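Asks: Enclosed is the structure file upload-v1.txt (compact mmCIF, C-alpha atoms).
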# COMPACT_ATOMS: atom_id res chain seq x y z
CA MET B 74 -48.33 3.09 -12.23
CA HIS B 75 -44.74 4.11 -12.91
CA GLU B 76 -41.88 2.00 -11.59
CA PRO B 77 -39.37 3.82 -9.34
CA PRO B 78 -36.10 4.71 -11.08
CA LYS B 79 -33.38 2.11 -10.70
CA ARG B 80 -30.20 3.04 -8.90
CA GLY B 81 -26.68 2.50 -10.15
CA ARG B 82 -25.05 2.47 -13.53
CA ARG B 83 -27.33 2.61 -16.57
CA PRO B 84 -27.01 -0.26 -19.09
CA GLY B 85 -24.65 0.72 -21.86
CA ALA B 86 -23.29 3.71 -19.96
CA GLU B 87 -19.59 4.46 -20.13
CA ASP B 88 -17.52 2.79 -17.42
CA VAL B 89 -16.28 5.73 -15.36
CA ARG B 90 -14.39 3.66 -12.79
CA PRO B 91 -10.94 4.39 -14.28
CA VAL B 92 -11.78 8.11 -14.37
CA ILE B 93 -12.88 8.08 -10.73
CA LEU B 94 -9.82 6.10 -9.68
CA GLU B 95 -7.44 8.47 -11.43
CA ALA B 96 -9.19 11.47 -9.88
CA ALA B 97 -8.98 9.83 -6.44
CA GLN B 98 -5.24 9.20 -6.80
CA ARG B 99 -4.68 12.82 -7.79
CA GLU B 100 -6.77 14.16 -4.92
CA PHE B 101 -5.26 11.87 -2.29
CA ALA B 102 -1.77 12.84 -3.46
CA ARG B 103 -2.63 16.54 -3.51
CA ILE B 104 -4.27 17.00 -0.09
CA GLY B 105 -3.94 13.65 1.67
CA TYR B 106 -6.41 11.02 2.81
CA GLU B 107 -7.99 12.90 5.71
CA LYS B 108 -8.77 16.10 3.79
CA ALA B 109 -9.94 14.41 0.60
CA THR B 110 -13.70 13.96 0.23
CA VAL B 111 -15.87 11.82 -2.00
CA ARG B 112 -17.60 14.98 -3.22
CA GLY B 113 -14.27 16.58 -4.15
CA ILE B 114 -13.10 13.45 -5.95
CA ALA B 115 -16.41 13.22 -7.83
CA SER B 116 -16.11 16.87 -8.87
CA LEU B 117 -12.58 16.28 -10.16
CA ALA B 118 -13.78 13.23 -12.09
CA GLY B 119 -16.81 15.08 -13.44
CA VAL B 120 -19.33 12.57 -12.05
CA ASP B 121 -22.09 12.49 -9.48
CA PRO B 122 -20.82 11.56 -5.96
CA LYS B 123 -23.38 8.72 -5.94
CA LEU B 124 -21.37 7.02 -8.69
CA VAL B 125 -18.25 7.06 -6.50
CA HIS B 126 -20.18 5.32 -3.73
CA TYR B 127 -21.77 2.94 -6.22
CA TYR B 128 -18.46 1.73 -7.65
CA PHE B 129 -16.16 2.00 -4.63
CA GLY B 130 -18.26 2.30 -1.49
CA THR B 131 -16.63 4.46 1.20
CA LYS B 132 -13.67 6.81 0.95
CA SER B 133 -11.47 4.28 2.74
CA GLU B 134 -12.39 1.57 0.22
CA LEU B 135 -11.55 3.97 -2.61
CA PHE B 136 -8.19 4.74 -1.02
CA LYS B 137 -7.37 1.04 -0.62
CA LYS B 138 -8.25 0.46 -4.26
CA SER B 139 -6.05 3.43 -5.27
CA VAL B 140 -3.10 2.01 -3.35
CA ALA B 141 -3.69 -1.48 -4.75
CA GLU B 142 -3.76 -0.10 -8.30
CA VAL B 143 -0.31 1.44 -7.83
CA VAL B 144 1.07 -1.56 -5.94
CA MET B 145 0.06 -4.02 -8.64
CA THR B 146 1.95 -2.04 -11.28
CA GLU B 147 5.21 -2.17 -9.31
CA GLU B 148 5.65 -5.93 -9.78
CA PHE B 149 6.99 -6.64 -6.30
CA PHE B 150 4.45 -9.39 -5.86
CA ASP B 151 5.37 -10.80 -9.26
CA SER B 152 9.03 -10.82 -8.23
CA LEU B 153 8.13 -13.34 -5.53
CA LEU B 154 6.40 -15.81 -7.82
CA GLU B 155 9.63 -17.76 -8.24
CA ILE B 156 11.61 -17.29 -5.07
CA ASP B 157 15.30 -18.05 -5.38
CA ASP B 158 17.44 -16.82 -2.51
CA THR B 159 20.61 -17.38 -4.55
CA ALA B 160 19.65 -15.09 -7.45
CA GLY B 161 20.69 -11.70 -6.12
CA SER B 162 18.94 -9.83 -3.33
CA LEU B 163 15.19 -10.33 -3.24
CA GLY B 164 15.07 -7.91 -0.31
CA ALA B 165 16.67 -5.17 -2.39
CA LYS B 166 14.24 -5.77 -5.25
CA PHE B 167 11.26 -5.65 -2.91
CA LEU B 168 12.48 -2.54 -1.10
CA ARG B 169 13.16 -0.78 -4.40
CA SER B 170 9.59 -1.45 -5.53
CA VAL B 171 8.06 -0.24 -2.26
CA LEU B 172 10.07 2.98 -2.25
CA ARG B 173 9.02 3.67 -5.82
CA VAL B 174 5.40 3.48 -4.68
CA TYR B 175 6.10 6.07 -2.01
CA GLU B 176 7.75 8.34 -4.56
CA THR B 177 5.17 7.99 -7.30
CA PRO B 178 3.03 11.10 -7.88
CA ALA B 179 -0.12 8.98 -8.01
CA ILE B 180 -0.35 8.02 -4.35
CA GLY B 181 2.98 8.58 -2.60
CA SER B 182 2.13 11.79 -0.75
CA ALA B 183 -1.14 10.37 0.55
CA ALA B 184 0.54 7.14 1.68
CA VAL B 185 3.17 9.11 3.60
CA GLY B 186 0.43 11.28 5.11
CA LEU B 187 -1.44 8.19 6.24
CA ILE B 188 1.62 6.89 8.10
CA ARG B 189 2.17 10.32 9.62
CA ASN B 190 -1.36 10.29 11.06
CA ILE B 191 -1.47 6.79 12.55
CA PHE B 192 -0.36 7.93 16.01
CA THR B 193 -3.14 10.52 16.35
CA HIS B 194 -5.89 9.28 14.03
CA ASP B 195 -7.22 5.81 14.78
CA LYS B 196 -9.03 5.48 11.45
CA SER B 197 -5.74 6.06 9.62
CA ARG B 198 -4.06 3.43 11.79
CA ARG B 199 -6.76 0.85 11.06
CA LEU B 200 -6.75 1.65 7.36
CA LEU B 201 -2.97 1.28 7.10
CA LEU B 202 -3.09 -1.99 9.06
CA GLU B 203 -5.75 -3.32 6.69
CA ILE B 204 -3.72 -2.36 3.62
CA TYR B 205 -0.64 -4.03 5.12
CA SER B 206 -2.55 -7.19 6.04
CA ASN B 207 -4.46 -7.55 2.77
CA TYR B 208 -1.94 -6.37 0.20
CA ILE B 209 1.46 -7.08 1.73
CA LEU B 210 1.27 -9.86 4.31
CA LYS B 211 -1.39 -11.83 2.46
CA ASN B 212 0.45 -11.74 -0.87
CA ILE B 213 3.93 -12.55 0.38
CA ALA B 214 3.81 -14.89 3.38
CA HIS B 215 2.40 -17.90 1.54
CA ARG B 216 5.18 -17.67 -1.09
CA LEU B 217 8.05 -17.95 1.36
CA PRO B 218 9.82 -21.24 1.98
CA GLY B 219 10.73 -22.35 5.46
CA PRO B 220 9.10 -21.94 8.86
CA ASP B 221 7.08 -19.02 10.21
CA PRO B 222 6.57 -17.04 6.98
CA VAL B 223 4.15 -14.60 8.65
CA ALA B 224 6.71 -13.75 11.33
CA ARG B 225 9.38 -13.27 8.65
CA VAL B 226 7.24 -10.84 6.67
CA ASN B 227 6.38 -8.93 9.84
CA LEU B 228 10.10 -8.56 10.58
CA VAL B 229 10.54 -7.11 7.10
CA GLY B 230 7.67 -4.77 7.97
CA THR B 231 9.53 -3.39 11.00
CA GLN B 232 12.48 -2.51 8.79
CA MET B 233 10.26 -1.01 6.09
CA PHE B 234 8.38 1.15 8.57
CA GLY B 235 11.63 2.52 9.93
CA ILE B 236 12.99 3.31 6.47
CA ILE B 237 9.79 5.07 5.39
CA ALA B 238 9.63 7.09 8.61
CA MET B 239 13.29 8.10 8.41
CA ARG B 240 13.22 8.92 4.70
CA TYR B 241 9.82 10.55 4.16
CA ILE B 242 8.56 11.79 7.55
CA LEU B 243 11.62 12.70 9.63
CA ARG B 244 13.63 13.30 6.44
CA VAL B 245 16.90 12.35 8.12
CA PRO B 246 19.48 13.82 5.67
CA VAL B 247 21.66 10.75 5.04
CA ILE B 248 18.68 8.45 4.45
CA ALA B 249 16.56 11.01 2.58
CA GLU B 250 19.37 11.97 0.20
CA LEU B 251 20.35 8.47 -0.87
CA SER B 252 18.92 7.22 -4.15
CA ILE B 253 16.35 4.44 -4.09
CA ASP B 254 18.93 2.08 -5.60
CA ASP B 255 21.50 2.90 -2.92
CA VAL B 256 19.01 2.46 -0.06
CA SER B 257 17.88 -0.85 -1.54
CA ARG B 258 21.43 -2.09 -2.07
CA LEU B 259 22.45 -1.23 1.51
CA ILE B 260 19.38 -2.55 3.34
CA GLY B 261 18.34 -5.36 1.00
CA PRO B 262 20.69 -7.95 2.60
CA THR B 263 19.04 -7.34 5.98
CA LEU B 264 15.64 -8.05 4.44
CA ASP B 265 17.09 -11.19 2.83
CA ARG B 266 18.17 -12.39 6.25
CA TYR B 267 14.66 -11.90 7.60
CA LEU B 268 13.16 -13.72 4.60
CA PHE B 269 15.60 -16.60 4.21
CA GLY B 270 17.95 -16.66 7.19
CA GLU B 271 18.15 -19.27 9.92
CA TRP B 272 15.13 -19.39 12.17
CA PRO B 273 15.07 -20.58 15.79
CA GLN B 274 13.41 -23.96 16.16
CA GLU B 275 11.21 -22.76 19.01
CA PRO B 276 11.01 -18.96 19.11
CA SER B 277 10.54 -17.70 22.66
CA GLN B 278 7.07 -16.28 23.25
CA LYS B 279 6.34 -13.06 25.06
CA GLU B 280 4.96 -13.82 28.52
What does the file become when written as structure tokens?

Replies:
Amino acid sequence: MHEPPKRGRRPGAEDVRPVILEAAQREFARIGYEKATVRGIASLAGVDPKLVHYYFGTKSELFKKSVAEVVMTEEFFDSLLEIDDTAGSLGAKFLRSVLRVYETPAIGSAAVGLIRNIFTHDKSRRLLLEIYSNYILKNIAHRLPGPDPVARVNLVGTQMFGIIAMRYILRVPVIAELSIDDVSRLIGPTLDRYLFGEWPQEPSQKE
């Protein structure tokens, strides 16, 4: 009696994960998250769609991994390993790194498209919230000194969301035409205030 064939990667087979991930980044950037399909990504990578599911699970998991791959190369988590609020503007450094992610060919267009869709597409909203919670809030809040680090990071998030919307979605001329360095230099001090500024002893709660 023959044993049924085993699923998944064959022993000794070439690791195609980097190939799939690169293909996913290209496809997400080209047509956006909603239009991209696992089958299309697999075709671009030259692999069976089952391998995409095997290594990455769903399309949303693949997208999160694609974003994480780009984020981890930008070093804005590493820049917070040794926080020193007297050594220049940490806010400017962080903002500069985030904007570079949104302007990288690998994932920038898809990330902007995801934000554009959050008001009409609930899955996009939930996916963006998960990326924010797992890759931004989780990696920064515990490194901040002082009280209420989660609230501080969320305040930074309000500023970041506004900048991204103004620069990449509405394309407001003054904001869209400034260089990344200029935007970071101008807005960085505001982010520093959120991260390190005085904090009320007992913040009023919404009733």

Asks: Ranking B:Leu124, B:Ala224, B:Val229, B:Leu259 by minimum distance to Trp272 of chain B and counting all atoms listed in the file, which one comes first?

Replies: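 The shortest atom-to-atom distance to Trp272 of chain B comes from B:Ala224.
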
Asks: May I have the residues within 9 Å of Gly119 of chain B as a list in words, using all atoms listed in the file and disregarding those fewer than 3 positions away in the same chain?

Replies: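 Listed by chain and then number, they are Val92, Ile93, Ile114, Ala115 and Ser116 of chain B.
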
Asks: Keeping only C-alpha atoms, write those residues as a PDB file, keeping the file's coordinate frame.

Replies:
ATOM      1  CA  VAL B  92     -11.780   8.110 -14.370  1.00  0.00           C
ATOM      2  CA  ILE B  93     -12.880   8.080 -10.730  1.00  0.00           C
ATOM      3  CA  ILE B 114     -13.100  13.450  -5.950  1.00  0.00           C
ATOM      4  CA  ALA B 115     -16.410  13.220  -7.830  1.00  0.00           C
ATOM      5  CA  SER B 116     -16.110  16.870  -8.870  1.00  0.00           C
TER       6      SER B 116
END

Asks: Can you measure atom CA of Ile104 of chain B to atom CA of Asp254 of chain B for me? One decimal in Å is fine.

Replies: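 Value for the atom CA of Ile104 of chain B-atom CA of Asp254 of chain B distance: 28.1 Å.
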
Asks: In file coordinates, which residues lie within 12 Å of (-15.3, 16.4, -2.8) using only C-alpha atoms, given as a ChimeraX atom specification?

Replies: /B:93,96-97,100-101,104,106-123,125,132

Asks: Pick out the residues sitting within 10 Å of Val223 of chain B, and hand them over as a PDB file with C-alpha atoms, keeping the file's coordinate frame; count only C-alpha atoms, and ignore anything fewer than 3 positions along from it in its own chain.

Replies:
ATOM      1  CA  LEU B 210       1.270  -9.860   4.310  1.00  0.00           C
ATOM      2  CA  LYS B 211      -1.390 -11.830   2.460  1.00  0.00           C
ATOM      3  CA  ILE B 213       3.930 -12.550   0.380  1.00  0.00           C
ATOM      4  CA  ALA B 214       3.810 -14.890   3.380  1.00  0.00           C
ATOM      5  CA  HIS B 215       2.400 -17.900   1.540  1.00  0.00           C
ATOM      6  CA  LEU B 217       8.050 -17.950   1.360  1.00  0.00           C
ATOM      7  CA  PRO B 220       9.100 -21.940   8.860  1.00  0.00           C
ATOM      8  CA  VAL B 226       7.240 -10.840   6.670  1.00  0.00           C
ATOM      9  CA  ASN B 227       6.380  -8.930   9.840  1.00  0.00           C
ATOM     10  CA  LEU B 228      10.100  -8.560  10.580  1.00  0.00           C
ATOM     11  CA  VAL B 229      10.540  -7.110   7.100  1.00  0.00           C
ATOM     12  CA  LEU B 268      13.160 -13.720   4.600  1.00  0.00           C
TER      13      LEU B 268
END

Asks: Can you pull out the residues contacting Ile253 of chain B? Cut-off 12 Å, using only C-alpha atoms, and skip same-chain residues under 6 positions away; I want them as a PyMOL selection string.

Replies: chain B and resi 165-176+236-237+240+259-261

Asks: Can you tell me how far atom CA of Glu142 of chain B sits from atom CA of Leu94 of chain B, in Å to one decimal?

Replies: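 Going from atom CA of Glu142 of chain B over to atom CA of Leu94 of chain B covers 8.8 Å.
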
Asks: Since the input lacks atoms, please generate N, CA, C and O atoms for segment 123-134 of chain B and provide them as a PDB file, keeping the file's coordinate frame.

Replies:
ATOM      1  N   LYS B 123     -22.726  10.018  -6.124  1.00  0.00           N
ATOM      2  CA  LYS B 123     -23.380   8.720  -5.940  1.00  0.00           C
ATOM      3  C   LYS B 123     -22.675   7.627  -6.746  1.00  0.00           C
ATOM      4  O   LYS B 123     -22.661   6.460  -6.337  1.00  0.00           O
ATOM      5  N   LEU B 124     -22.084   8.007  -7.885  1.00  0.00           N
ATOM      6  CA  LEU B 124     -21.370   7.020  -8.690  1.00  0.00           C
ATOM      7  C   LEU B 124     -20.105   6.543  -7.986  1.00  0.00           C
ATOM      8  O   LEU B 124     -19.707   5.392  -8.120  1.00  0.00           O
ATOM      9  N   VAL B 125     -19.450   7.442  -7.254  1.00  0.00           N
ATOM     10  CA  VAL B 125     -18.250   7.060  -6.500  1.00  0.00           C
ATOM     11  C   VAL B 125     -18.629   6.013  -5.457  1.00  0.00           C
ATOM     12  O   VAL B 125     -17.960   4.991  -5.309  1.00  0.00           O
ATOM     13  N   HIS B 126     -19.714   6.276  -4.744  1.00  0.00           N
ATOM     14  CA  HIS B 126     -20.180   5.320  -3.730  1.00  0.00           C
ATOM     15  C   HIS B 126     -20.634   4.011  -4.388  1.00  0.00           C
ATOM     16  O   HIS B 126     -20.394   2.922  -3.857  1.00  0.00           O
ATOM     17  N   TYR B 127     -21.258   4.116  -5.529  1.00  0.00           N
ATOM     18  CA  TYR B 127     -21.770   2.940  -6.220  1.00  0.00           C
ATOM     19  C   TYR B 127     -20.641   1.990  -6.617  1.00  0.00           C
ATOM     20  O   TYR B 127     -20.724   0.778  -6.434  1.00  0.00           O
ATOM     21  N   TYR B 128     -19.565   2.555  -7.154  1.00  0.00           N
ATOM     22  CA  TYR B 128     -18.460   1.730  -7.650  1.00  0.00           C
ATOM     23  C   TYR B 128     -17.470   1.343  -6.552  1.00  0.00           C
ATOM     24  O   TYR B 128     -16.890   0.253  -6.592  1.00  0.00           O
ATOM     25  N   PHE B 129     -17.248   2.227  -5.585  1.00  0.00           N
ATOM     26  CA  PHE B 129     -16.160   2.000  -4.630  1.00  0.00           C
ATOM     27  C   PHE B 129     -16.585   1.969  -3.177  1.00  0.00           C
ATOM     28  O   PHE B 129     -15.771   1.647  -2.312  1.00  0.00           O
ATOM     29  N   GLY B 130     -17.822   2.320  -2.873  1.00  0.00           N
ATOM     30  CA  GLY B 130     -18.260   2.300  -1.490  1.00  0.00           C
ATOM     31  C   GLY B 130     -17.784   3.542  -0.735  1.00  0.00           C
ATOM     32  O   GLY B 130     -18.029   4.663  -1.155  1.00  0.00           O
ATOM     33  N   THR B 131     -17.069   3.345   0.354  1.00  0.00           N
ATOM     34  CA  THR B 131     -16.630   4.460   1.200  1.00  0.00           C
ATOM     35  C   THR B 131     -15.310   5.050   0.699  1.00  0.00           C
ATOM     36  O   THR B 131     -14.650   4.503  -0.176  1.00  0.00           O
ATOM     37  N   LYS B 132     -14.939   6.166   1.300  1.00  0.00           N
ATOM     38  CA  LYS B 132     -13.670   6.810   0.950  1.00  0.00           C
ATOM     39  C   LYS B 132     -12.495   5.885   1.268  1.00  0.00           C
ATOM     40  O   LYS B 132     -11.526   5.813   0.504  1.00  0.00           O
ATOM     41  N   SER B 133     -12.573   5.165   2.380  1.00  0.00           N
ATOM     42  CA  SER B 133     -11.470   4.280   2.740  1.00  0.00           C
ATOM     43  C   SER B 133     -11.326   3.141   1.729  1.00  0.00           C
ATOM     44  O   SER B 133     -10.205   2.739   1.386  1.00  0.00           O
ATOM     45  N   GLU B 134     -12.456   2.625   1.226  1.00  0.00           N
ATOM     46  CA  GLU B 134     -12.390   1.570   0.220  1.00  0.00           C
ATOM     47  C   GLU B 134     -11.779   2.116  -1.074  1.00  0.00           C
ATOM     48  O   GLU B 134     -11.007   1.418  -1.753  1.00  0.00           O
TER      49      GLU B 134
END
